[in-house]
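Q: I am sharing target-v6.cif, which consists of mmCIF, C-alpha atoms (C1' of nucleotides):
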data_my_file
#
loop_
_atom_site.label_atom_id
_atom_site.label_comp_id
_atom_site.auth_asym_id
_atom_site.auth_seq_id
_atom_site.Cartn_x
_atom_site.Cartn_y
_atom_site.Cartn_z
CA MET A 1 -53.65 96.31 213.51
CA PHE A 2 -56.07 94.90 216.08
CA SER A 3 -55.03 92.85 219.10
CA LYS A 4 -55.75 89.13 219.00
CA THR A 5 -58.32 89.74 221.74
CA CYS A 6 -60.07 92.26 219.52
CA GLU A 7 -60.08 89.82 216.61
CA TYR A 8 -61.83 87.25 218.82
CA ALA A 9 -64.28 89.95 219.91
CA ILE A 10 -65.25 90.87 216.36
CA ARG A 11 -65.48 87.24 215.29
CA SER A 12 -67.66 86.43 218.33
CA THR A 13 -69.95 89.37 217.72
CA ILE A 14 -70.44 88.41 214.09
CA TYR A 15 -71.04 84.74 214.89
CA ILE A 16 -73.52 85.40 217.70
CA SER A 17 -75.33 87.97 215.56
CA LYS A 18 -75.76 85.50 212.73
CA GLN A 19 -77.14 82.85 215.08
CA SER A 20 -79.44 85.37 216.75
CA LYS A 21 -80.89 86.33 213.39
CA GLU A 22 -81.69 82.65 212.88
CA GLY A 23 -83.43 82.63 216.26
CA LYS A 24 -80.74 80.65 218.04
CA ASN A 25 -79.27 81.43 221.44
CA VAL A 26 -75.64 80.33 221.59
CA GLY A 27 -73.57 79.16 224.54
CA LEU A 28 -69.93 79.88 225.26
CA ASN A 29 -68.63 76.51 224.09
CA ASP A 30 -70.48 76.74 220.80
CA ILE A 31 -69.06 80.21 220.18
CA ALA A 32 -65.48 79.32 221.09
CA GLU A 33 -65.55 76.23 218.91
CA SER A 34 -67.13 78.04 215.97
CA ILE A 35 -64.66 80.91 215.87
CA ALA A 36 -61.65 78.78 216.90
CA SER A 37 -60.84 80.68 220.08
CA PRO A 38 -59.87 79.49 223.59
CA VAL A 39 -63.02 78.93 225.66
CA ALA A 40 -62.05 80.58 228.97
CA PHE A 41 -60.43 83.52 227.24
CA THR A 42 -63.44 84.03 225.04
CA ALA A 43 -65.63 84.07 228.17
CA LYS A 44 -63.68 87.11 229.43
CA ILE A 45 -64.07 88.91 226.14
CA LEU A 46 -67.80 88.22 225.97
CA GLN A 47 -68.17 89.64 229.50
CA LYS A 48 -66.70 92.94 228.31
CA LEU A 49 -68.93 93.01 225.25
CA VAL A 50 -71.97 92.43 227.48
CA LYS A 51 -70.93 95.29 229.79
CA ASP A 52 -70.72 97.64 226.81
CA ASN A 53 -74.15 96.45 225.60
CA ILE A 54 -72.71 95.17 222.34
CA ILE A 55 -74.09 91.69 222.98
CA SER A 56 -76.56 90.30 225.56
CA SER A 57 -76.30 87.34 227.91
CA ILE A 58 -78.77 85.11 229.69
CA LYS A 59 -77.70 83.04 232.67
CA GLY A 60 -78.93 79.64 233.73
CA PRO A 61 -80.01 76.57 231.76
CA HIS A 62 -80.76 77.33 228.10
CA GLY A 63 -78.98 80.61 228.61
CA GLY A 64 -76.23 81.91 226.39
CA PHE A 65 -75.43 84.96 224.30
CA SER A 66 -77.38 86.87 221.70
CA VAL A 67 -77.34 90.10 219.73
CA SER A 68 -80.73 91.76 219.32
CA PRO A 69 -81.78 93.37 216.04
CA GLU A 70 -81.44 96.77 217.77
CA GLN A 71 -77.90 95.95 218.83
CA GLN A 72 -77.01 94.69 215.37
CA LYS A 73 -78.23 97.95 213.90
CA LYS A 74 -76.68 100.39 216.33
CA VAL A 75 -73.32 98.63 216.90
CA TYR A 76 -70.48 99.59 214.58
CA LEU A 77 -67.02 98.04 214.42
CA VAL A 78 -65.63 101.14 216.10
CA ASP A 79 -67.67 100.25 219.20
CA VAL A 80 -66.23 96.74 219.42
CA VAL A 81 -62.69 98.01 218.87
CA ARG A 82 -63.14 100.76 221.47
CA CYS A 83 -64.51 98.19 223.96
CA ILE A 84 -61.43 95.93 223.63
CA ASP A 85 -58.45 97.88 222.27
CA GLY A 86 -59.48 101.42 223.15
CA GLU A 87 -59.14 104.63 221.13
CA GLN A 88 -55.38 104.40 220.68
CA THR A 89 -55.96 102.06 217.76
CA TYR A 90 -56.54 105.11 215.58
CA ASN A 91 -55.28 107.90 217.83
CA GLY A 92 -51.74 108.67 218.90
CA CYS A 93 -48.51 109.43 217.07
CA GLY A 94 -47.09 106.93 214.60
CA LEU A 95 -43.66 107.30 216.16
CA GLY A 96 -44.94 107.23 219.75
CA LEU A 97 -44.02 110.87 220.40
CA SER A 98 -46.16 112.56 223.06
CA GLU A 99 -45.34 116.07 221.81
CA CYS A 100 -46.60 115.30 218.31
CA SER A 101 -49.56 117.45 217.28
CA GLU A 102 -50.93 119.42 214.35
CA ALA A 103 -48.82 122.40 215.46
CA THR A 104 -45.63 120.41 216.09
CA PRO A 105 -46.03 117.35 213.86
CA CYS A 106 -43.60 114.44 213.87
CA PRO A 107 -41.81 113.56 210.62
CA ILE A 108 -44.52 111.12 209.52
CA HIS A 109 -47.49 112.92 211.08
CA PHE A 110 -49.48 113.87 208.01
CA GLN A 111 -48.87 110.68 206.06
CA PHE A 112 -49.84 108.65 209.10
CA LYS A 113 -52.85 110.77 209.91
CA GLU A 114 -54.34 110.03 206.53
CA VAL A 115 -54.11 106.27 207.09
CA ARG A 116 -55.48 106.46 210.62
CA THR A 117 -58.38 108.62 209.47
CA ARG A 118 -59.21 106.04 206.82
CA LEU A 119 -59.15 103.27 209.38
CA LYS A 120 -61.37 105.20 211.77
CA ALA A 121 -63.83 106.10 209.02
CA MET A 122 -63.99 102.45 207.96
CA LEU A 123 -64.75 101.34 211.53
CA GLU A 124 -67.34 104.09 212.00
CA ASN A 125 -69.13 103.22 208.77
CA THR A 126 -69.35 99.46 209.19
CA ASN A 127 -72.11 98.08 211.39
CA ILE A 128 -73.02 94.54 212.32
CA THR A 129 -76.15 94.47 210.17
CA ASP A 130 -74.13 95.14 207.03
CA LEU A 131 -71.61 92.45 207.88
CA ILE A 132 -74.31 89.85 208.58
CA GLU A 133 -76.15 90.59 205.35
CA LYS A 134 -73.03 90.00 203.27
CA LEU A 135 -72.38 86.84 205.24
CA GLU A 136 -75.93 85.56 204.60
CA ARG A 137 -75.67 86.33 200.90
CA GLY A 138 -72.55 84.16 200.80
CA GLU A 139 -70.37 87.10 199.80
CA THR A 140 -68.12 86.73 202.84
CA PHE A 141 -67.08 83.88 205.14
CA LEU A 142 -66.31 83.45 208.83
CA ARG A 143 -64.08 80.42 208.98
CA LEU A 144 -60.54 79.72 210.10
CA MET B 1 -49.81 100.20 214.22
CA PHE B 2 -46.05 99.75 214.54
CA SER B 3 -44.35 97.95 217.44
CA LYS B 4 -42.52 100.12 219.95
CA THR B 5 -39.29 98.61 218.62
CA CYS B 6 -40.19 99.82 215.14
CA GLU B 7 -40.95 103.30 216.44
CA TYR B 8 -37.47 103.45 217.96
CA ALA B 9 -36.02 102.19 214.68
CA ILE B 10 -37.67 104.93 212.62
CA ARG B 11 -36.79 107.64 215.15
CA SER B 12 -33.16 106.43 215.22
CA THR B 13 -32.89 106.34 211.45
CA ILE B 14 -34.24 109.87 211.15
CA TYR B 15 -32.01 111.24 213.91
CA ILE B 16 -28.83 109.61 212.60
CA SER B 17 -29.65 110.74 209.06
CA LYS B 18 -30.05 114.34 210.16
CA GLN B 19 -26.73 114.28 212.01
CA SER B 20 -25.00 112.59 209.07
CA LYS B 21 -26.19 115.33 206.76
CA GLU B 22 -24.55 117.82 209.11
CA GLY B 23 -21.34 115.79 208.88
CA LYS B 24 -21.59 114.33 212.39
CA ASN B 25 -21.02 110.70 213.33
CA VAL B 26 -23.21 109.79 216.29
CA GLY B 27 -22.62 107.24 219.06
CA LEU B 28 -25.14 104.93 220.69
CA ASN B 29 -25.54 107.01 223.86
CA ASP B 30 -26.13 110.20 221.91
CA ILE B 31 -28.79 108.47 219.81
CA ALA B 32 -30.59 106.84 222.73
CA GLU B 33 -30.66 110.10 224.68
CA SER B 34 -31.84 112.15 221.69
CA ILE B 35 -34.75 109.93 220.78
CA ALA B 36 -35.60 109.01 224.40
CA SER B 37 -35.07 105.27 224.06
CA PRO B 38 -33.37 102.70 226.34
CA VAL B 39 -29.67 102.48 225.46
CA ALA B 40 -29.11 98.71 225.42
CA PHE B 41 -32.35 98.05 223.62
CA THR B 42 -31.56 100.70 221.03
CA ALA B 43 -28.21 98.99 220.42
CA LYS B 44 -30.04 95.82 219.40
CA ILE B 45 -32.28 97.70 217.01
CA LEU B 46 -29.35 99.56 215.41
CA GLN B 47 -27.60 96.21 214.85
CA LYS B 48 -30.56 95.02 212.80
CA LEU B 49 -30.68 98.24 210.80
CA VAL B 50 -26.96 97.89 210.05
CA LYS B 51 -27.45 94.28 208.86
CA ASP B 52 -30.16 95.43 206.44
CA ASN B 53 -27.89 98.23 205.20
CA ILE B 54 -30.35 100.90 206.31
CA ILE B 55 -27.69 102.59 208.44
CA SER B 56 -23.88 102.16 208.71
CA SER B 57 -21.69 101.62 211.73
CA ILE B 58 -18.03 102.24 212.51
CA LYS B 59 -16.37 100.47 215.43
CA GLY B 60 -13.65 101.76 217.70
CA PRO B 61 -12.84 105.25 219.04
CA HIS B 62 -14.65 108.03 217.20
CA GLY B 63 -16.87 105.36 215.75
CA GLY B 64 -20.62 105.45 215.77
CA PHE B 65 -23.51 105.33 213.35
CA SER B 66 -24.25 107.17 210.16
CA VAL B 67 -26.59 107.16 207.17
CA SER B 68 -24.92 107.95 203.84
CA PRO B 69 -26.61 110.15 201.22
CA GLU B 70 -27.09 107.02 199.11
CA GLN B 71 -28.80 105.24 201.99
CA GLN B 72 -30.98 108.24 202.72
CA LYS B 73 -32.10 108.31 199.12
CA LYS B 74 -32.75 104.61 198.60
CA VAL B 75 -34.24 103.76 202.02
CA TYR B 76 -38.01 104.06 202.34
CA LEU B 77 -40.09 103.65 205.49
CA VAL B 78 -41.28 100.30 204.19
CA ASP B 79 -37.68 99.03 204.43
CA VAL B 80 -37.35 100.02 208.08
CA VAL B 81 -40.73 98.52 208.95
CA ARG B 82 -39.91 95.30 207.08
CA CYS B 83 -36.56 95.08 208.91
CA ILE B 84 -38.18 95.30 212.37
CA ASP B 85 -41.85 94.32 212.21
CA GLY B 86 -41.90 92.28 209.01
CA GLU B 87 -44.50 92.20 206.24
CA GLN B 88 -47.43 91.27 208.48
CA THR B 89 -47.81 94.95 209.34
CA TYR B 90 -49.78 95.39 206.12
CA ASN B 91 -50.43 91.75 205.15
CA GLY B 92 -52.72 89.22 206.79
CA CYS B 93 -56.43 89.11 207.60
CA GLY B 94 -57.94 91.78 209.84
CA LEU B 95 -59.72 89.11 211.87
CA GLY B 96 -56.72 86.75 211.98
CA LEU B 97 -58.38 84.12 209.77
CA SER B 98 -55.94 81.97 207.82
CA GLU B 99 -58.55 80.98 205.22
CA CYS B 100 -59.32 84.58 204.34
CA SER B 101 -58.52 85.45 200.72
CA GLU B 102 -59.89 87.32 197.73
CA ALA B 103 -61.93 84.21 196.81
CA THR B 104 -63.18 83.51 200.35
CA PRO B 105 -63.01 86.91 202.05
CA CYS B 106 -63.70 87.44 205.74
CA PRO B 107 -66.54 89.79 206.73
CA ILE B 108 -64.26 92.84 206.87
CA HIS B 109 -61.85 91.80 204.11
CA PHE B 110 -62.47 94.52 201.54
CA GLN B 111 -62.83 97.40 203.97
CA PHE B 112 -59.66 96.32 205.71
CA LYS B 113 -57.77 95.76 202.49
CA GLU B 114 -58.32 99.33 201.45
CA VAL B 115 -56.78 100.64 204.69
CA ARG B 116 -53.85 98.26 204.52
CA THR B 117 -53.16 99.19 200.92
CA ARG B 118 -53.10 102.86 201.90
CA LEU B 119 -50.67 102.15 204.70
CA LYS B 120 -48.39 100.16 202.44
CA ALA B 121 -48.47 102.81 199.73
CA MET B 122 -47.62 105.46 202.29
CA LEU B 123 -44.62 103.47 203.53
CA GLU B 124 -43.47 102.74 199.99
CA ASN B 125 -43.65 106.37 198.93
CA THR B 126 -41.88 107.96 201.89
CA ASN B 127 -38.09 107.92 201.91
CA ILE B 128 -35.60 109.26 204.42
CA THR B 129 -34.49 112.14 202.22
CA ASP B 130 -38.02 113.56 202.14
CA LEU B 131 -38.41 113.26 205.90
CA ILE B 132 -35.06 114.97 206.59
CA GLU B 133 -35.83 117.86 204.25
CA LYS B 134 -39.08 118.63 206.02
CA LEU B 135 -37.30 118.36 209.35
CA GLU B 136 -34.60 120.81 208.21
CA ARG B 137 -37.17 123.26 206.93
CA GLY B 138 -38.74 123.25 210.40
CA GLU B 139 -41.96 121.79 209.08
CA THR B 140 -41.75 118.72 211.31
CA PHE B 141 -40.16 117.88 214.67
CA LEU B 142 -38.47 114.88 216.28
CA ARG B 143 -38.95 115.40 219.98
CA LEU B 144 -40.67 113.53 222.74
"C1'" DA C 1 2.23 96.15 222.28
"C1'" DT C 2 -1.12 98.11 225.20
"C1'" DA C 3 -4.91 100.83 226.72
"C1'" DT C 4 -9.02 102.81 225.26
"C1'" DT C 5 -13.32 103.47 222.95
"C1'" DT C 6 -16.67 101.89 220.38
"C1'" DT C 7 -20.06 98.38 218.22
"C1'" DC C 8 -21.45 93.29 218.26
"C1'" DG C 9 -23.79 89.45 220.13
"C1'" DG C 10 -25.36 86.03 223.39
"C1'" DA C 11 -27.70 85.18 227.84
"C1'" DC C 12 -30.72 86.83 230.96
"C1'" DT C 13 -34.76 89.53 233.14
"C1'" DT C 14 -39.18 92.11 233.13
"C1'" DA C 15 -43.79 93.58 231.77
"C1'" DC C 16 -47.79 92.75 229.57
"C1'" DA C 17 -50.93 90.44 226.26
"C1'" DC C 18 -52.81 86.06 226.04
"C1'" DA C 19 -54.80 82.23 228.29
"C1'" DT C 20 -56.45 78.92 232.14
"C1'" DC C 21 -58.65 77.34 236.46
"C1'" DC C 22 -61.91 77.32 239.88
"C1'" DT C 23 -65.47 79.25 242.76
"C1'" DT C 24 -69.69 82.13 242.93
"C1'" DT C 25 -73.93 83.81 241.13
"C1'" DT C 26 -78.13 83.37 238.55
"C1'" DA C 27 -81.81 81.04 236.36
"C1'" DT C 28 -84.47 76.89 235.22
"C1'" DA C 29 -86.60 72.38 235.67
"C1'" DT C 30 -88.12 68.63 238.47
"C1'" DA D 1 -86.21 72.59 248.09
"C1'" DT D 2 -82.87 70.56 245.24
"C1'" DA D 3 -80.18 69.55 241.26
"C1'" DT D 4 -78.49 71.30 237.19
"C1'" DA D 5 -76.81 74.31 233.58
"C1'" DA D 6 -75.19 78.34 232.29
"C1'" DA D 7 -72.54 83.05 232.66
"C1'" DA D 8 -69.65 86.10 236.03
"C1'" DG D 9 -65.50 87.03 238.12
"C1'" DG D 10 -61.23 86.52 240.85
"C1'" DA D 11 -56.73 84.31 241.05
"C1'" DT D 12 -53.26 82.27 238.64
"C1'" DG D 13 -50.19 80.66 234.81
"C1'" DT D 14 -47.74 81.21 230.02
"C1'" DG D 15 -45.52 83.28 225.97
"C1'" DT D 16 -43.72 87.01 223.61
"C1'" DA D 17 -42.32 91.88 223.09
"C1'" DA D 18 -39.55 94.97 225.56
"C1'" DG D 19 -35.50 95.79 227.99
"C1'" DT D 20 -30.78 94.70 230.63
"C1'" DC D 21 -26.11 92.90 231.37
"C1'" DC D 22 -21.70 91.69 230.29
"C1'" DG D 23 -17.93 89.82 227.77
"C1'" DA D 24 -15.99 89.63 222.78
"C1'" DA D 25 -14.47 91.85 218.67
"C1'" DA D 26 -12.75 95.70 216.18
"C1'" DA D 27 -10.58 100.04 215.42
"C1'" DT D 28 -7.68 103.85 217.04
"C1'" DA D 29 -4.15 106.40 219.59
"C1'" DT D 30 -0.11 106.48 222.35
#
Go ahead and express the file in the form of structure tokens.

A:
Amino acid sequence: MFSKTCEYAIRSTIYISKQSKEGKNVGLNDIAESIASPVAFTAKILQKLVKDNIISSIKGPHGGFSVSPEQQKKVYLVDVVRCIDGEQTYNGCGLGLSECSEATPCPIHFQFKEVRTRLKAMLENTNITDLIEKLERGETFLRL
Amino acid sequence: MFSKTCEYAIRSTIYISKQSKEGKNVGLNDIAESIASPVAFTAKILQKLVKDNIISSIKGPHGGFSVSPEQQKKVYLVDVVRCIDGEQTYNGCGLGLSECSEATPCPIHFQFKEVRTRLKAMLENTNITDLIEKLERGETFLRL
DNA sequence: ATATTTTCGGACTTACACATCCTTTTATAT
DNA sequence: ATATAAAAGGATGTGTAAGTCCGAAAATAT
């Protein structure tokens, strides 16, 4: 569904957010170790998230990454997915046909559309704040 | 959502089925040209579909591929997807966490589960016969 | 029997997602 | 000022999905 890169991105965002809420700034190595992702590769992903203002970074000693309360509130999963995988995650024809449209639908167009719409709605309705709250209440877990 | 290989597989199955219903046996080159897929690569995919008894093949002159009425009736999209992409299309954690389960769900487990379940249900409820009928009635189209 | 036409199947190549390495930039502390 | 610790960013390597090539096997027609 999502690329591996996007999975790392979501996991990173959630982990950093949780630490930020506890007042901790986290460095790259801490993040990579905590979400079981390759360090250098994770660095690249975090760079993209910073550029899209999904997370923040501070350089120099005692620097690291953080997600402000404002970011946690305004960032939805759809933003993270768009940043890494792009819109085609929930756009585009299920059979890869460029001519497929509402007017000239492919054989699985309407069935597929329903699923994609669900996925998009789910991503648009889930923000970081909600995810962190469930995590803090011990209702969900972020471990390998 | 599906791999490119799987898209070719579904397009092939639909095209061959339509031709079979019109009493025509179709060869590899015809298929590849009609669904705009690479010939040699399509051959590999068709081999897999034949092995899973989704389509039939006849060797030698005037040979080719076909989908019998029985196959059209009993084959559902889920079978084609399983044959090419495997179960992980609608199984597995959305964040790629191996420990994720109903008891220890990942942060997006339940939202994601709902979407996956929809996708699976859609694939399980759509068979080739239905797709061909809509195609014949001019309600859907199989073109690039 | 032989030539022909087709699918089958193994070995190989290519493109791209995934991942690493190393140098530069930025900030901090002494 | 200098040393140090961190992220930024370019260049490079790796693994897997996507795609090619070519000979073998099978069926048919002459």

Q: With 9 Å as the cut-off and all atoms listed in the file counted, what is the closest atom pair between each nearby residue of chain D and chain B? Distances in Å to one decimal, ordered by chain and number, as a Markdown table.

A:
| residue | atom | partner | partner_atom | distance |
| --- | --- | --- | --- | --- |
| D:DA17 | C1' | B:Ser3 | CA | 8.5 |
| D:DA18 | C1' | B:Thr5 | CA | 7.8 |
| D:DG19 | C1' | B:Phe41 | CA | 5.8 |
| D:DT20 | C1' | B:Ala40 | CA | 6.8 |
| D:DC21 | C1' | B:Ala40 | CA | 8.8 |
| D:DA26 | C1' | B:Lys59 | CA | 6.0 |
| D:DA27 | C1' | B:Gly60 | CA | 4.2 |
| D:DT28 | C1' | B:Pro61 | CA | 5.7 |
| D:DA29 | C1' | B:Pro61 | CA | 8.8 |

Q: Output the selection as a short mmCIF file (atom, residue, chain, number, x, y, z; two decimals), in the coordinates of the input - C-alpha atoms (C1' of nucleotides) for each residue.

A:
data_model
loop_
_atom_site.label_atom_id
_atom_site.label_comp_id
_atom_site.auth_asym_id
_atom_site.auth_seq_id
_atom_site.Cartn_x
_atom_site.Cartn_y
_atom_site.Cartn_z
"C1'" DA D 17 -42.32 91.88 223.09
"C1'" DA D 18 -39.55 94.97 225.56
"C1'" DG D 19 -35.50 95.79 227.99
"C1'" DT D 20 -30.78 94.70 230.63
"C1'" DC D 21 -26.11 92.90 231.37
"C1'" DA D 26 -12.75 95.70 216.18
"C1'" DA D 27 -10.58 100.04 215.42
"C1'" DT D 28 -7.68 103.85 217.04
"C1'" DA D 29 -4.15 106.40 219.59
#

Q: Taking the point (-62.4, 97.5, 219.7) as given in the file, collect each protein or nucleic acid residue that comes within 10 Å of it, counting all atoms listed in the file, and present the set as a VMD selection string.

A: chain A and resid 2 to 3 5 to 7 9 to 10 49 76 to 89 123

Q: Please compute the CA of Arg143 in chain B-CA of Thr104 in chain A distance, one decimal, in Å.

A: 9.2 Å

Q: Nearest residue to chain B out of A:Ile16, A:Ile54, A:Val75, A:Ala36, using all atoms listed in the file?

A: A:Ala36

Q: Could you write out as a PyMOL selection string the residues of chain A within 6 Å of chain B, counting all atoms listed in the file?

A: chain A and resi 1+7+95+97-99+105-107+115+119+131+140-142+144

Q: Under the PyMOL selection byres ((chain C) within 10 of (chain A)), which residues of this model are included? Write them out as a JSON list (two decimals) with C-alpha atoms (C1' of nucleotides), keeping the file's coordinate frame.

A:
[["chain", "number", "residue", "atom", "x", "y", "z"],
["C", 17, "DA", "C1'", -50.93, 90.44, 226.26],
["C", 18, "DC", "C1'", -52.81, 86.06, 226.04],
["C", 19, "DA", "C1'", -54.80, 82.23, 228.29],
["C", 20, "DT", "C1'", -56.45, 78.92, 232.14],
["C", 21, "DC", "C1'", -58.65, 77.34, 236.46],
["C", 25, "DT", "C1'", -73.93, 83.81, 241.13],
["C", 26, "DT", "C1'", -78.13, 83.37, 238.55],
["C", 27, "DA", "C1'", -81.81, 81.04, 236.36],
["C", 28, "DT", "C1'", -84.47, 76.89, 235.22],
["C", 29, "DA", "C1'", -86.60, 72.38, 235.67]]

Q: So which one's closest to Ser68 in chain A, A:Asn53, A:Asn29, A:Asn91, A:Ser34? Using all atoms listed in the file, please.

A: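 The shortest atom-to-atom distance to Ser68 in chain A comes from A:Asn53.
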
Q: Find the residues near DT30 in chain D: any atom within 12 Å, counting all atoms listed in the file, skip ones fewer than 4 places away on the same chain, and give them as an NGL selection string.

A: :C and (1-4)

Q: Next, dump the selected residues to file, keeping only C-alpha atoms (C1' of nucleotides), as an mmCIF file, in the coordinates of the input.

A:
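Ended up saving to result_15.cif:
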data_model
loop_
_atom_site.group_PDB
_atom_site.id
_atom_site.type_symbol
_atom_site.label_atom_id
_atom_site.label_comp_id
_atom_site.auth_asym_id
_atom_site.auth_seq_id
_atom_site.Cartn_x
_atom_site.Cartn_y
_atom_site.Cartn_z
ATOM 1 C "C1'" DA C 1 2.230 96.150 222.280
ATOM 2 C "C1'" DT C 2 -1.120 98.110 225.200
ATOM 3 C "C1'" DA C 3 -4.910 100.830 226.720
ATOM 4 C "C1'" DT C 4 -9.020 102.810 225.260
#

Q: CA of Tyr15 in chain A to C1' of DG13 in chain D: how many Å, to one decimal?

A: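 Separation between CA of Tyr15 in chain A and C1' of DG13 in chain D: 29.1 Å.
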
Q: As lines of an AutoDock Vina configuration file, please: the centre and edge lengths in Å, to one decimal, of an axis-aligned box enclosing every listed atom of range 16-24 of chain D with 8 Å added on each side.

A:
center_x = -29.9
center_y = 91.4
center_z = 227.1
size_x = 43.7
size_y = 24.8
size_z = 24.6

Q: Report, in Å with one decimal, the straight-line distance from CA of Pro69 in chain B to CA of Lys18 in chain B.

A: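 These atoms are spaced 10.5 Å apart.
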
Q: Selected by the PyMOL selection byres ((chain B and resi 56) around 12) in the shown coordinates: which residues, as a ChimeraX atom specification?

A: /B:13,16-17,20,25-27,46-55,57-59,63-72 /C:7
